[in-house]
file model08.txt (compact mmCIF, C-alpha atoms (C1' of nucleotides))
# COMPACT_ATOMS: atom_id res chain seq x y z
CA MET A 1 17.29 -12.05 -30.20
CA GLN A 2 18.80 -11.70 -26.77
CA ILE A 3 16.73 -13.02 -23.88
CA THR A 4 15.43 -10.15 -21.77
CA TRP A 5 15.76 -10.02 -18.02
CA VAL A 6 11.97 -10.19 -17.81
CA THR A 7 11.92 -13.52 -19.61
CA ALA A 8 14.79 -14.83 -17.51
CA LEU A 9 12.94 -13.81 -14.35
CA LEU A 10 9.71 -15.45 -15.49
CA ASN A 11 11.54 -18.69 -16.35
CA TRP A 12 13.20 -18.69 -12.94
CA PHE A 13 9.86 -18.13 -11.24
CA GLN A 14 8.31 -21.12 -13.01
CA LEU A 15 11.06 -23.33 -11.59
CA HIS A 16 11.64 -21.92 -8.13
CA GLN A 17 8.44 -20.34 -6.84
CA ARG A 18 7.25 -21.50 -3.45
CA GLU A 19 3.95 -23.27 -3.09
CA LEU A 20 1.81 -20.85 -1.13
CA PRO A 21 -1.88 -21.17 -0.33
CA TRP A 22 -2.86 -17.97 -2.16
CA ARG A 23 -1.12 -19.20 -5.31
CA GLN A 24 -3.76 -21.88 -5.76
CA THR A 25 -6.48 -19.36 -6.60
CA LYS A 26 -7.33 -16.39 -8.79
CA ASP A 27 -10.26 -15.40 -6.59
CA PRO A 28 -9.74 -11.65 -6.11
CA TYR A 29 -11.19 -11.89 -2.59
CA ALA A 30 -8.64 -14.50 -1.54
CA ILE A 31 -5.79 -12.62 -3.24
CA TRP A 32 -6.93 -9.46 -1.46
CA VAL A 33 -6.96 -11.10 1.97
CA SER A 34 -3.48 -12.47 1.40
CA GLU A 35 -2.09 -9.12 0.28
CA ILE A 36 -3.50 -7.29 3.30
CA MET A 37 -2.05 -9.90 5.66
CA LEU A 38 1.31 -9.77 3.89
CA GLN A 39 1.73 -6.03 4.41
CA GLN A 40 4.87 -5.63 6.52
CA THR A 41 4.53 -9.25 7.54
CA ARG A 42 6.54 -12.31 6.57
CA VAL A 43 5.09 -15.10 4.48
CA GLU A 44 5.69 -17.82 7.08
CA THR A 45 3.87 -15.78 9.71
CA VAL A 46 0.89 -15.19 7.45
CA VAL A 47 0.23 -18.73 6.21
CA PRO A 48 -1.62 -20.10 9.28
CA TYR A 49 -3.60 -16.87 9.70
CA TYR A 50 -4.57 -16.93 6.04
CA ARG A 51 -5.82 -20.52 6.20
CA ARG A 52 -7.93 -19.86 9.30
CA PHE A 53 -9.34 -16.65 7.87
CA LEU A 54 -10.37 -18.15 4.53
CA GLU A 55 -11.88 -21.16 6.26
CA ARG A 56 -13.99 -18.94 8.50
CA PHE A 57 -14.73 -16.27 5.87
CA PRO A 58 -14.63 -18.00 2.46
CA THR A 59 -16.32 -15.12 0.62
CA VAL A 60 -16.79 -11.36 0.81
CA GLU A 61 -20.33 -11.90 2.10
CA HIS A 62 -19.18 -14.07 5.00
CA LEU A 63 -16.72 -11.37 6.01
CA ALA A 64 -19.18 -8.52 5.50
CA LYS A 65 -21.74 -9.96 7.90
CA ALA A 66 -19.22 -10.89 10.60
CA GLN A 67 -18.78 -9.07 13.89
CA ILE A 68 -15.63 -6.94 14.03
CA ASP A 69 -14.66 -8.57 17.33
CA GLU A 70 -14.48 -11.95 15.66
CA VAL A 71 -12.40 -10.54 12.81
CA LEU A 72 -9.99 -9.02 15.33
CA LYS A 73 -9.81 -12.31 17.21
CA LEU A 74 -8.69 -14.04 14.02
CA TRP A 75 -6.12 -11.25 13.57
CA GLU A 76 -4.83 -11.59 17.14
CA GLY A 77 -1.04 -11.53 17.19
CA LEU A 78 -0.65 -10.48 13.56
CA GLY A 79 -0.34 -6.76 14.31
CA TYR A 80 -1.39 -3.59 12.48
CA TYR A 81 -4.99 -4.20 13.51
CA THR A 82 -6.29 -1.36 11.36
CA ARG A 83 -5.75 -3.77 8.49
CA ALA A 84 -8.42 -6.08 9.89
CA LYS A 85 -10.86 -3.23 10.48
CA ASN A 86 -10.36 -1.87 6.94
CA LEU A 87 -10.72 -5.37 5.50
CA HIS A 88 -14.03 -5.75 7.28
CA ARG A 89 -15.27 -2.29 6.25
CA ALA A 90 -14.22 -2.83 2.63
CA ALA A 91 -16.10 -6.15 2.56
CA GLN A 92 -19.23 -4.27 3.60
CA VAL A 93 -18.61 -1.66 0.89
CA ILE A 94 -18.23 -4.43 -1.71
CA GLN A 95 -21.43 -6.05 -0.48
CA GLN A 96 -23.45 -2.85 -0.63
CA GLU A 97 -21.91 -0.99 -3.58
CA TYR A 98 -20.92 -3.94 -5.77
CA GLN A 99 -23.49 -6.62 -4.81
CA SER A 100 -20.66 -8.68 -3.25
CA VAL A 101 -18.78 -8.91 -6.56
CA PHE A 102 -15.18 -7.78 -6.13
CA PRO A 103 -14.64 -4.67 -8.32
CA ARG A 104 -12.60 -5.09 -11.51
CA SER A 105 -11.29 -1.60 -12.22
CA HIS A 106 -8.09 -0.20 -10.75
CA SER A 107 -9.75 2.99 -9.54
CA GLU A 108 -12.54 1.11 -7.77
CA VAL A 109 -10.11 -1.29 -6.12
CA LEU A 110 -7.81 1.55 -5.06
CA ALA A 111 -10.73 3.39 -3.47
CA LEU A 112 -11.48 0.59 -0.99
CA PRO A 113 -10.35 1.26 2.58
CA GLY A 114 -6.98 -0.28 3.38
CA ILE A 115 -5.99 -0.61 -0.27
CA GLY A 116 -3.19 1.66 -1.46
CA ASP A 117 -0.97 1.73 -4.53
CA TYR A 118 0.81 -1.50 -3.72
CA THR A 119 -2.23 -3.64 -2.89
CA ALA A 120 -4.28 -2.28 -5.80
CA GLY A 121 -1.45 -3.16 -8.18
CA ALA A 122 -1.06 -6.60 -6.66
CA ILE A 123 -4.76 -7.43 -6.98
CA MET A 124 -5.06 -6.04 -10.50
CA SER A 125 -2.04 -7.96 -11.76
CA ILE A 126 -2.24 -11.19 -9.76
CA ALA A 127 -6.00 -11.75 -9.78
CA TYR A 128 -6.94 -10.04 -13.06
CA GLY A 129 -3.74 -10.32 -15.10
CA GLN A 130 -3.60 -6.61 -15.81
CA PRO A 131 -0.29 -4.71 -16.11
CA PHE A 132 -0.36 -2.65 -12.91
CA PRO A 133 2.91 -2.70 -10.98
CA ALA A 134 2.89 -3.67 -7.31
CA ILE A 135 5.83 -1.98 -5.63
CA ASP A 136 6.72 -3.25 -2.19
CA GLY A 137 10.01 -3.38 -0.30
CA ASN A 138 11.16 -6.42 -2.28
CA VAL A 139 10.50 -4.81 -5.65
CA LEU A 140 12.17 -1.55 -4.65
CA ARG A 141 15.26 -3.46 -3.60
CA VAL A 142 15.38 -5.60 -6.76
CA ILE A 143 14.91 -2.64 -9.09
CA ALA A 144 17.25 -0.38 -7.12
CA ARG A 145 20.00 -2.94 -7.68
CA LEU A 146 19.06 -3.86 -11.24
CA GLN A 147 18.88 -0.23 -12.38
CA LEU A 148 21.38 1.25 -9.94
CA VAL A 149 18.84 3.54 -8.31
CA GLN A 150 20.92 5.62 -5.92
CA LYS A 151 18.10 7.72 -4.52
CA ASP A 152 16.47 7.10 -1.18
CA ILE A 153 13.80 4.45 -1.83
CA SER A 154 11.62 5.84 0.95
CA LEU A 155 11.04 8.98 -1.13
CA PRO A 156 7.68 8.91 -2.96
CA GLN A 157 9.42 10.16 -6.10
CA THR A 158 11.61 7.07 -6.23
CA LYS A 159 8.57 4.82 -6.16
CA THR A 160 6.99 6.84 -8.98
CA GLU A 161 10.08 6.35 -11.12
CA VAL A 162 10.22 2.63 -10.41
CA ALA A 163 6.53 2.40 -11.35
CA ALA A 164 7.18 4.11 -14.67
CA PHE A 165 10.10 1.78 -15.37
CA LEU A 166 8.03 -1.32 -14.61
CA LYS A 167 5.13 -0.19 -16.77
CA GLY A 168 7.55 -0.01 -19.69
CA VAL A 169 8.63 -3.65 -19.36
CA PHE A 170 5.42 -5.29 -18.17
CA PRO A 171 4.73 -8.59 -20.02
CA LEU A 172 1.06 -8.15 -20.96
CA GLU A 173 0.29 -11.86 -21.13
CA GLN A 174 2.00 -12.72 -17.85
CA ALA A 175 1.21 -9.84 -15.55
CA SER A 176 0.39 -12.10 -12.62
CA ASP A 177 3.61 -14.08 -12.78
CA PHE A 178 5.72 -10.97 -13.33
CA THR A 179 4.43 -9.23 -10.22
CA GLN A 180 4.91 -12.34 -8.11
CA ALA A 181 8.29 -13.15 -9.65
CA LEU A 182 9.73 -9.75 -8.72
CA MET A 183 8.66 -10.19 -5.12
CA GLU A 184 9.74 -13.82 -5.00
CA LEU A 185 13.19 -12.88 -6.27
CA GLY A 186 13.47 -10.28 -3.53
CA ALA A 187 12.32 -12.77 -0.90
CA LEU A 188 14.51 -15.71 -1.95
CA VAL A 189 17.55 -14.36 -3.80
CA CYS A 190 17.92 -10.59 -3.81
CA LEU A 191 18.10 -10.48 -0.02
CA PRO A 192 18.62 -7.21 1.87
CA MET A 193 21.95 -7.89 3.59
CA THR A 194 23.54 -10.80 1.74
CA PRO A 195 22.05 -11.21 -1.73
CA LYS A 196 22.67 -14.60 -3.36
CA CYS A 197 23.84 -13.14 -6.64
CA THR A 198 25.31 -16.41 -7.91
CA LEU A 199 21.80 -17.90 -7.89
CA CYS A 200 20.18 -14.87 -9.50
CA PRO A 201 18.56 -15.40 -12.92
CA ILE A 202 19.13 -11.76 -13.89
CA GLN A 203 22.62 -11.25 -12.47
CA VAL A 204 24.08 -10.45 -15.89
CA HIS A 205 21.60 -7.56 -16.18
CA CYS A 206 22.18 -6.21 -12.69
CA GLN A 207 23.98 -2.87 -12.69
CA ALA A 208 24.70 -3.06 -8.98
CA LYS A 209 26.43 -6.42 -9.37
CA GLN A 210 28.50 -5.13 -12.31
CA ARG A 211 29.88 -2.46 -9.96
CA ASN A 212 29.90 -4.73 -6.88
CA MET A 213 27.47 -2.40 -5.13
CA GLN A 214 24.83 -4.97 -4.10
CA GLN A 215 25.50 -4.38 -0.42
CA GLU A 216 25.13 -0.59 -0.69
CA LEU A 217 21.72 -0.69 -2.35
CA PRO A 218 19.00 0.17 -1.82
CA ILE A 219 19.58 3.44 0.00
CA LYS A 220 17.07 3.94 2.76
CA SER A 221 16.82 6.73 5.29
CA LYS A 222 16.92 5.77 8.96
CA LYS A 223 13.71 5.70 10.88
CA THR A 224 13.36 7.61 14.11
CA LEU A 225 14.02 5.68 17.29
CA PRO A 226 11.07 4.40 19.28
CA LYS A 227 10.06 6.33 22.39
CA ARG A 228 10.28 4.64 25.75
CA GLU A 229 7.14 4.66 27.87
CA LYS A 230 6.80 3.47 31.43
CA ARG A 231 3.46 1.79 31.82
CA TYR A 232 1.85 0.43 34.96
CA LEU A 233 -0.76 -2.32 34.65
CA ALA A 234 -3.31 -3.49 37.20
CA ILE A 235 -4.41 -7.08 37.55
CA ILE A 236 -7.68 -6.91 39.42
CA GLN A 237 -9.42 -10.15 40.27
CA GLN A 238 -12.79 -10.94 41.77
CA GLY A 239 -13.21 -14.65 42.19
CA ASP A 240 -12.70 -16.30 38.83
CA LYS A 241 -13.01 -13.04 36.94
CA ILE A 242 -10.49 -10.45 35.93
CA LEU A 243 -11.03 -6.84 34.96
CA MET A 244 -10.12 -6.21 31.32
CA ASN A 245 -10.32 -3.03 29.25
CA LYS A 246 -11.29 -2.87 25.61
CA ARG A 247 -9.19 -0.19 23.99
CA PRO A 248 -10.94 2.46 21.86
CA MET A 249 -11.30 1.46 18.20
CA ALA A 250 -9.07 4.30 16.97
CA GLY A 251 -5.37 4.43 17.75
CA LEU A 252 -2.80 1.99 19.04
CA LEU A 253 -4.10 -1.58 19.41
CA GLY A 254 -7.58 -0.21 18.71
CA GLY A 255 -10.43 -2.54 19.61
CA LEU A 256 -8.18 -5.04 21.34
CA TRP A 257 -8.25 -5.99 25.02
CA GLU A 258 -5.71 -5.07 27.65
CA PHE A 259 -4.98 -5.42 31.31
CA PRO A 260 -6.02 -1.91 32.35
CA GLY A 261 -2.93 0.26 32.45
CA VAL A 262 -1.68 3.81 32.27
CA GLU A 263 1.55 5.57 31.42
CA SER A 264 3.07 6.64 34.74
CA LYS A 265 6.36 7.77 36.26
CA ASN A 266 6.04 5.85 39.51
CA LYS A 267 3.67 3.94 41.76
CA GLN A 268 1.89 6.99 43.21
CA ASP A 269 1.51 8.46 39.73
CA PHE A 270 0.07 5.09 38.70
CA VAL A 271 -2.77 5.27 41.24
CA GLN A 272 -3.62 8.87 40.29
CA ASN A 273 -3.56 8.28 36.55
CA PHE A 274 -5.54 5.09 36.93
CA LYS A 275 -8.24 7.00 38.80
CA ARG A 276 -8.33 9.66 36.07
CA GLN A 277 -8.36 7.20 33.19
CA PHE A 278 -10.71 4.52 34.52
CA GLY A 279 -12.49 6.21 37.41
CA LEU A 280 -11.38 3.52 39.81
CA THR A 281 -9.37 3.79 43.01
CA ILE A 282 -6.93 0.95 43.36
CA ILE A 283 -4.19 -0.11 45.72
CA PRO A 284 -1.24 -1.83 44.04
CA LYS A 285 -0.42 -4.81 46.27
CA VAL A 286 1.96 -7.32 44.73
CA HIS A 287 4.54 -6.38 42.10
CA LYS A 288 4.00 -9.41 39.91
CA LEU A 289 6.38 -8.92 36.99
CA ASP A 290 8.16 -6.52 34.67
CA THR A 291 7.96 -6.97 30.94
CA SER A 292 8.64 -4.87 27.88
CA HIS A 293 7.19 -4.75 24.42
CA VAL A 294 8.69 -3.13 21.34
CA PHE A 295 6.46 -1.50 18.72
CA SER A 296 7.67 0.28 15.59
CA HIS A 297 7.67 3.71 17.24
CA ARG A 298 7.25 2.92 20.90
CA ILE A 299 8.65 0.74 23.66
CA TRP A 300 6.42 -0.14 26.56
CA GLU A 301 8.25 -0.92 29.77
CA MET A 302 5.49 -2.44 31.82
CA LYS A 303 5.25 -2.98 35.55
CA VAL A 304 2.44 -5.31 36.50
CA TYR A 305 0.78 -5.09 39.91
CA HIS A 306 -1.85 -7.31 41.41
CA SER A 307 -4.12 -4.61 42.73
CA GLU A 308 -7.06 -4.28 45.05
CA LEU A 309 -10.13 -2.46 43.84
CA VAL A 310 -11.30 -0.01 46.50
CA SER A 311 -14.04 2.04 44.92
CA GLY A 312 -15.07 4.04 41.95
CA GLU A 313 -17.42 4.75 39.11
CA VAL A 314 -16.22 3.60 35.72
CA THR A 315 -15.53 6.51 33.38
CA THR A 316 -17.11 6.71 29.96
CA ALA A 317 -13.63 6.83 28.47
CA ALA A 318 -13.02 3.27 29.58
CA ASP A 319 -14.65 0.05 28.44
CA LEU A 320 -14.08 -2.24 31.39
CA HIS A 321 -15.51 -5.73 31.67
CA TRP A 322 -15.20 -8.61 34.12
CA ILE A 323 -13.94 -11.56 32.08
CA PRO A 324 -13.87 -15.09 33.50
CA ILE A 325 -10.28 -16.28 33.38
CA ASP A 326 -11.21 -19.36 31.40
CA GLN A 327 -12.72 -17.09 28.74
CA LEU A 328 -9.66 -14.90 28.22
CA ASN A 329 -8.96 -16.94 25.10
CA THR A 330 -12.20 -15.74 23.49
CA ILE A 331 -11.22 -12.06 23.30
CA ALA A 332 -8.52 -10.50 21.12
CA ILE A 333 -5.46 -9.77 23.23
CA PRO A 334 -2.38 -8.37 21.46
CA SER A 335 1.06 -9.89 21.85
CA ALA A 336 2.15 -7.10 24.20
CA PHE A 337 0.05 -8.71 26.94
CA GLN A 338 0.42 -12.39 26.14
CA LYS A 339 3.27 -12.91 28.58
CA ILE A 340 1.14 -11.40 31.33
CA LYS A 341 -1.83 -13.53 30.37
CA ASP A 342 0.33 -16.66 30.41
CA SER A 343 1.70 -15.89 33.87
CA LEU A 344 -1.85 -15.41 35.09
CA LEU A 345 -3.05 -18.71 33.68
CA LEU A 346 -0.05 -20.58 35.07
CA GLY A 347 -0.25 -18.90 38.43
CA GLY A 348 -3.89 -19.78 38.96
CA LYS A 349 -6.44 -17.69 40.70
CA LEU A 350 -4.66 -16.65 43.87
CA CYS A 351 -1.30 -15.19 43.00
C1' DA B 352 6.92 14.85 3.55
C1' DA B 353 6.56 13.09 8.18
C1' DT B 354 4.33 10.36 11.51
C1' DC B 355 1.59 6.72 13.27
C1' DC B 356 0.45 1.94 13.37
C1' DG B 357 2.60 -4.45 15.47
C1' DG B 358 4.93 -8.20 15.55
C1' DG B 359 8.38 -11.42 14.62
C1' DG B 360 12.48 -13.38 12.14
C1' DT B 361 17.33 -12.83 11.14
C1' DC B 362 22.01 -11.63 11.51
C1' DG C 363 20.64 -4.62 19.37
C1' DA C 364 19.85 -3.30 14.24
C1' DC C 365 17.48 -4.28 10.33
C1' DC C 366 13.78 -5.80 7.69
C1' DC C 367 9.36 -7.33 6.12
C1' DA C 368 3.99 -8.68 -0.27
C1' DG C 369 2.17 -0.63 3.27
C1' DG C 370 -1.86 2.59 4.21
C1' DA C 371 -4.03 6.49 6.40
C1' DT C 372 -3.65 10.82 8.28
C1' DT C 373 -1.93 15.34 8.81
call {"tool": "encode", "arguments": {"input": "model08.txt", "output": "structure tokens"}}
result
Amino acid sequence: MQITWVTALLNWFQLHQRELPWRQTKDPYAIWVSEIMLQQTRVETVVPYYRRFLERFPTVEHLAKAQIDEVLKLWEGLGYYTRAKNLHRAAQVIQQEYQSVFPRSHSEVLALPGIGDYTAGAIMSIAYGQPFPAIDGNVLRVIARLQLVQKDISLPQTKTEVAAFLKGVFPLEQASDFTQALMELGALVCLPMTPKCTLCPIQVHCQAKQRNMQQELPIKSKKTLPKREKRYLAIIQQGDKILMNKRPMAGLLGGLWEFPGVESKNKQDFVQNFKRQFGLTIIPKVHKLDTSHVFSHRIWEMKVYHSELVSGEVTTAADLHWIPIDQLNTIAIPSAFQKIKDSLLLGGKLC
DNA sequence: AATCCGGGGTC
DNA sequence: GACCCAGGATT
């Protein structure tokens, strides 16, 4: 009996898997938290966030009763902040609908906010040992090469076909290891640009390698280029305090804090838009610094002005607060503004 | 099916 | 710079 590629992969995983904090548990809550953090985010980035999060919120109930602001603070710098909000909401659903016991069925897990096909499959297989495939970027790449999938992997249909293929080969007694092994192979060996085929445990089964097409696969359509946005920011100080705006919960960087700013063409436009957005009349005084921040679909080119507050009534659209400078580290500020915050802290009060 | 939603590592 | 990463929700 010839050894199957599934067995070869599982054997390789036993020998070469990394020691990761979420591999020391089968607690579905802990697995869930790790999978949400790992969405579009590298393992090394996640590890310290994961440890802090599980220490602060060791169970669903701890998370369910937390304030969203504290959850966002723990998520600060990790990005895709909707993940944190959905995690929090789902914890409350689990508390109320399931008496704080993490649901066991695929349909119930899939119905939780923030859990899609991938994460549902990952939880079902990794935590519960059930044969549901978890198809992420790693798995799509591995299978595209193994099976010579020459369709665009960003098409939903391609994912459906990969799911059907995986269901047909799923090892029923080792569902957890199989799911993790596929992703681990993609992360350590079957790399996007320069796959390490000589180290690959399933190289003899790989159709792409047989044809020397590893570099061409998978096929992925190009994403649209990010839009450039000119953004003017106001640093407004009164004594030891600085005026900060809490962004609306929905949308970009929702619920996080910013130095109040507006998209504007030029300095005059800045003052006008600022008045419209925040209800405050300001005079930009000192051009402190220029900085840019790249998002997936947007580039902010920011001009930062120390500004004088003249007058105004705060609009309901804004959520402005005077924050003591030594308490800036207690609110959730996204990476886009960290350079500005640092320059403020270094520069002291009168800059 | 297309678009929005972050941030950081790598080459 | 370009590419990618343990994707999901919305329209």
call {"tool": "residues_around", "arguments": {"input": "model08.txt", "residues": "DG360 of chain B", "least_positions_apart": "4", "cutoff": "10 Å", "atoms": "all atoms listed in the file", "output": "PyMOL selection string"}}
result
(chain A and resi 42+44-45) or (chain C and resi 366-367)
call {"tool": "atom_distance", "arguments": {"input": "model08.txt", "atom1": "atom CA of Leu74 of chain A", "atom2": "atom CA of Leu38 of chain A"}}
result
14.9 Å
call {"tool": "interface_residues", "arguments": {"input": "model08.txt", "of": "chain A", "to": "chain B", "cutoff": "7 Å", "atoms": "all atoms listed in the file", "output": "list in words"}}
result
Leu78, Gly79, Tyr80, Leu252, Phe295 and Ser296 of chain A
call {"tool": "closest_atom_pairs", "arguments": {"input": "model08.txt", "of": "chain C", "to": "chain A", "cutoff": "9 Å", "atoms": "all atoms listed in the file", "output": "CSV"}}
result
residue,atom,partner,partner_atom,distance
C:DC365,C1',A:Met193,CA,8.9
C:DC366,C1',A:Pro192,CA,7.7
C:DC367,C1',A:Gln40,CA,4.8
C:DA368,C1',A:Leu38,CA,5.1
C:DG369,C1',A:Gln39,CA,5.5
C:DG370,C1',A:Gly116,CA,5.9
C:DA371,C1',A:Gly114,CA,8.0
call {"tool": "residues_around", "arguments": {"input": "model08.txt", "residues": "Val60 of chain A", "least_positions_apart": "3", "cutoff": "7 Å", "atoms": "all atoms listed in the file", "output": "list in words"}}
result
Tyr29, Leu63, Ala64, Ala91 and Ser100 of chain A
call {"tool": "atom_distance", "arguments": {"input": "model08.txt", "atom1": "atom CA of Ile126 of chain A", "atom2": "atom CA of Pro218 of chain A"}}
result
25.4 Å
call {"tool": "atom_distance", "arguments": {"input": "model08.txt", "atom1": "atom CA of Ile299 of chain A", "atom2": "atom CA of Lys220 of chain A"}}
result
22.8 Å
call {"tool": "residues_near_point", "arguments": {"input": "model08.txt", "point": "(-5.5, -5.9, 26.6)", "cutoff": "8 Å", "atoms": "all atoms listed in the file", "output": "PyMOL selection string"}}
result
chain A and resi 244-247+256-260+332-334+337
call {"tool": "closest_residue", "arguments": {"input": "model08.txt", "among": "A:Lys275, A:Lys151, A:His16, A:Arg104", "to": "Pro201 of chain A", "atoms": "only C-alpha atoms"}}
result
A:His16
call {"tool": "closest_residue", "arguments": {"input": "model08.txt", "among": "A:Ala181, A:Val294, A:Leu87, A:Val162", "to": "Leu148 of chain A", "atoms": "all atoms listed in the file"}}
result
A:Val162
call {"tool": "residues_around", "arguments": {"input": "model08.txt", "residues": "segment 168-176 of chain A", "least_positions_apart": "2", "cutoff": "6 Å", "atoms": "only C-alpha atoms (C1' of nucleotides)", "output": "VMD selection string"}}
result
chain A and resid 125 to 126 129 to 131 165 to 166 178 to 179
call {"tool": "residues_around", "arguments": {"input": "model08.txt", "residues": "Thr25 of chain A", "least_positions_apart": "2", "cutoff": "12 Å", "atoms": "all atoms listed in the file", "output": "PyMOL selection string"}}
result
chain A and resi 19-23+27-34+54+126-128+176
